[in-house]
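Text of final-v1.pdb (PDB, C-alpha atoms) as supplied:
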```
ATOM      1  CA  ASP A   1       4.371 -30.489   8.285  1.00  0.00           C
ATOM      2  CA  THR A   2       7.609 -31.977   7.023  1.00  0.00           C
ATOM      3  CA  PHE A   3       6.307 -35.530   7.294  1.00  0.00           C
ATOM      4  CA  ASN A   4       3.173 -34.573   5.345  1.00  0.00           C
ATOM      5  CA  MET A   5       5.368 -33.054   2.628  1.00  0.00           C
ATOM      6  CA  ILE A   6       7.526 -36.188   2.377  1.00  0.00           C
ATOM      7  CA  LEU A   7       4.838 -38.873   2.505  1.00  0.00           C
ATOM      8  CA  PRO A   8       3.332 -38.357  -0.985  1.00  0.00           C
ATOM      9  CA  LEU A   9       6.801 -38.247  -2.563  1.00  0.00           C
ATOM     10  CA  TRP A  10       7.370 -41.951  -1.822  1.00  0.00           C
ATOM     11  CA  GLY A  11       4.607 -42.861  -4.281  1.00  0.00           C
ATOM     12  CA  GLU A  12       5.130 -40.105  -6.864  1.00  0.00           C
ATOM     13  CA  LYS A  13       5.776 -41.723 -10.253  1.00  0.00           C
ATOM     14  CA  ASP A  14       6.559 -38.529 -12.165  1.00  0.00           C
ATOM     15  CA  GLU A  15      10.297 -38.027 -11.692  1.00  0.00           C
ATOM     16  CA  ALA A  16      10.228 -34.260 -12.314  1.00  0.00           C
ATOM     17  CA  LYS A  17       7.435 -33.763  -9.736  1.00  0.00           C
ATOM     18  CA  ARG A  18       9.276 -36.009  -7.265  1.00  0.00           C
ATOM     19  CA  ILE A  19      12.521 -34.054  -7.654  1.00  0.00           C
ATOM     20  CA  GLU A  20      10.724 -30.706  -7.256  1.00  0.00           C
ATOM     21  CA  GLY A  21       8.923 -32.122  -4.216  1.00  0.00           C
ATOM     22  CA  TRP A  22      12.202 -33.097  -2.566  1.00  0.00           C
ATOM     23  CA  LYS A  23      13.658 -29.677  -3.350  1.00  0.00           C
ATOM     24  CA  ALA A  24      10.659 -28.096  -1.604  1.00  0.00           C
ATOM     25  CA  VAL A  25      11.191 -30.387   1.389  1.00  0.00           C
ATOM     26  CA  ASP A  26      14.878 -29.413   1.525  1.00  0.00           C
ATOM     27  CA  ARG A  27      13.948 -25.701   1.396  1.00  0.00           C
ATOM     28  CA  HIS A  28      11.357 -26.165   4.150  1.00  0.00           C
ATOM     29  CA  ILE A  29      13.863 -27.977   6.382  1.00  0.00           C
ATOM     30  CA  ALA A  30      16.543 -25.318   5.844  1.00  0.00           C
ATOM     31  CA  GLU A  31      14.209 -22.340   6.323  1.00  0.00           C
ATOM     32  CA  ASN A  32      12.696 -23.751   9.510  1.00  0.00           C
ATOM     33  CA  ALA A  33      15.952 -25.079  10.988  1.00  0.00           C
ATOM     34  CA  GLU A  34      14.554 -28.595  11.304  1.00  0.00           C
ATOM     35  CA  VAL A  35      17.894 -30.316  11.596  1.00  0.00           C
ATOM     36  CA  ILE A  36      20.025 -31.515  14.451  1.00  0.00           C
ATOM     37  CA  PRO A  37      23.529 -30.171  13.900  1.00  0.00           C
ATOM     38  CA  LEU A  38      26.333 -32.693  14.182  1.00  0.00           C
ATOM     39  CA  LEU A  39      28.753 -29.886  14.855  1.00  0.00           C
ATOM     40  CA  GLN A  40      28.221 -26.870  17.045  1.00  0.00           C
ATOM     41  CA  TYR A  41      30.353 -23.837  16.459  1.00  0.00           C
ATOM     42  CA  VAL A  42      30.993 -20.495  18.066  1.00  0.00           C
ATOM     43  CA  GLN A  43      30.178 -17.492  15.947  1.00  0.00           C
ATOM     44  CA  PRO A  44      31.691 -14.307  17.328  1.00  0.00           C
ATOM     45  CA  ILE A  45      29.777 -11.156  16.464  1.00  0.00           C
ATOM     46  CA  LEU A  46      31.140  -7.648  16.206  1.00  0.00           C
ATOM     47  CA  HIS A  47      28.541  -4.922  16.466  1.00  0.00           C
ATOM     48  CA  VAL A  48      28.510  -1.983  14.115  1.00  0.00           C
ATOM     49  CA  SER A  49      25.671   0.526  14.370  1.00  0.00           C
ATOM     50  CA  GLY A  50      25.441   0.837  10.569  1.00  0.00           C
ATOM     51  CA  ILE A  51      24.472  -2.824  10.054  1.00  0.00           C
ATOM     52  CA  LYS A  52      21.153  -4.468  10.809  1.00  0.00           C
ATOM     53  CA  VAL A  53      21.423  -8.207  11.529  1.00  0.00           C
ATOM     54  CA  VAL A  54      18.434 -10.545  11.392  1.00  0.00           C
ATOM     55  CA  PRO A  55      19.322 -13.925  12.902  1.00  0.00           C
ATOM     56  CA  HIS A  56      18.172 -17.039  11.047  1.00  0.00           C
ATOM     57  CA  ARG A  57      15.607 -19.200  12.818  1.00  0.00           C
ATOM     58  CA  SER A  58      18.433 -21.601  13.709  1.00  0.00           C
ATOM     59  CA  GLY A  59      20.293 -18.788  15.456  1.00  0.00           C
ATOM     60  CA  ALA A  60      22.959 -18.581  12.763  1.00  0.00           C
ATOM     61  CA  LEU A  61      23.882 -15.247  11.251  1.00  0.00           C
ATOM     62  CA  LEU A  62      23.793 -15.469   7.484  1.00  0.00           C
ATOM     63  CA  PRO A  63      25.360 -12.802   5.286  1.00  0.00           C
ATOM     64  CA  HIS A  64      22.264 -12.413   3.112  1.00  0.00           C
ATOM     65  CA  LEU A  65      20.261 -11.487   6.237  1.00  0.00           C
ATOM     66  CA  MET A  66      22.534  -8.522   6.984  1.00  0.00           C
ATOM     67  CA  THR A  67      21.655  -5.098   5.622  1.00  0.00           C
ATOM     68  CA  ARG A  68      22.735  -1.510   6.114  1.00  0.00           C
ATOM     69  CA  ALA A  69      20.788   0.174   8.897  1.00  0.00           C
TER      70      ALA A  69
END
```
Is it possible to give me this structure as structure tokens?
Amino acid sequence: DTFNMILPLWGEKDEAKRIEGWKAVDRHIAENAEVIPLLQYVQPILHVSGIKVVPHRSGALLPHLMTRA
């Protein structure tokens, strides 16, 4: 999917469309965790029953994915 999103951008002459296309590619890569991390880290987790945590597809815990239970 990512390759098919990138391929037409190489020939896109309209700069605004090209920039928006690359932004969409960046979003897609981030949302689907399609990167190889150069640094692995440990993320300790404390559990509180009043908080619901939804892990990101990459396994990371992001603050905006945490809500009150």
Check which residues satisfy the PyMOL selection byres ((chain A and resi 48) around 12) in the file shown, then give them as a ChimeraX atom specification.
/A:45-47,49-53,66-69
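Here atom CA of A:Ile6 stands at a distance of 14.5 Å from atom CA of A:Ala30.
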What lies within 12 Å of A:Ile29 using only C-alpha atoms, ignoring chain neighbours under 5 positions off, as number ranges by chain?
A: 1-3, 5-6, 22-24, 34-36, 57-58
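Here atom CA of A:Ala33 and atom CA of A:Ala60 stand 9.7 Å from one another.
Taking atom CA of A:Arg27 as the reference point, atom CA of A:Gly11 is found at 20.3 Å.
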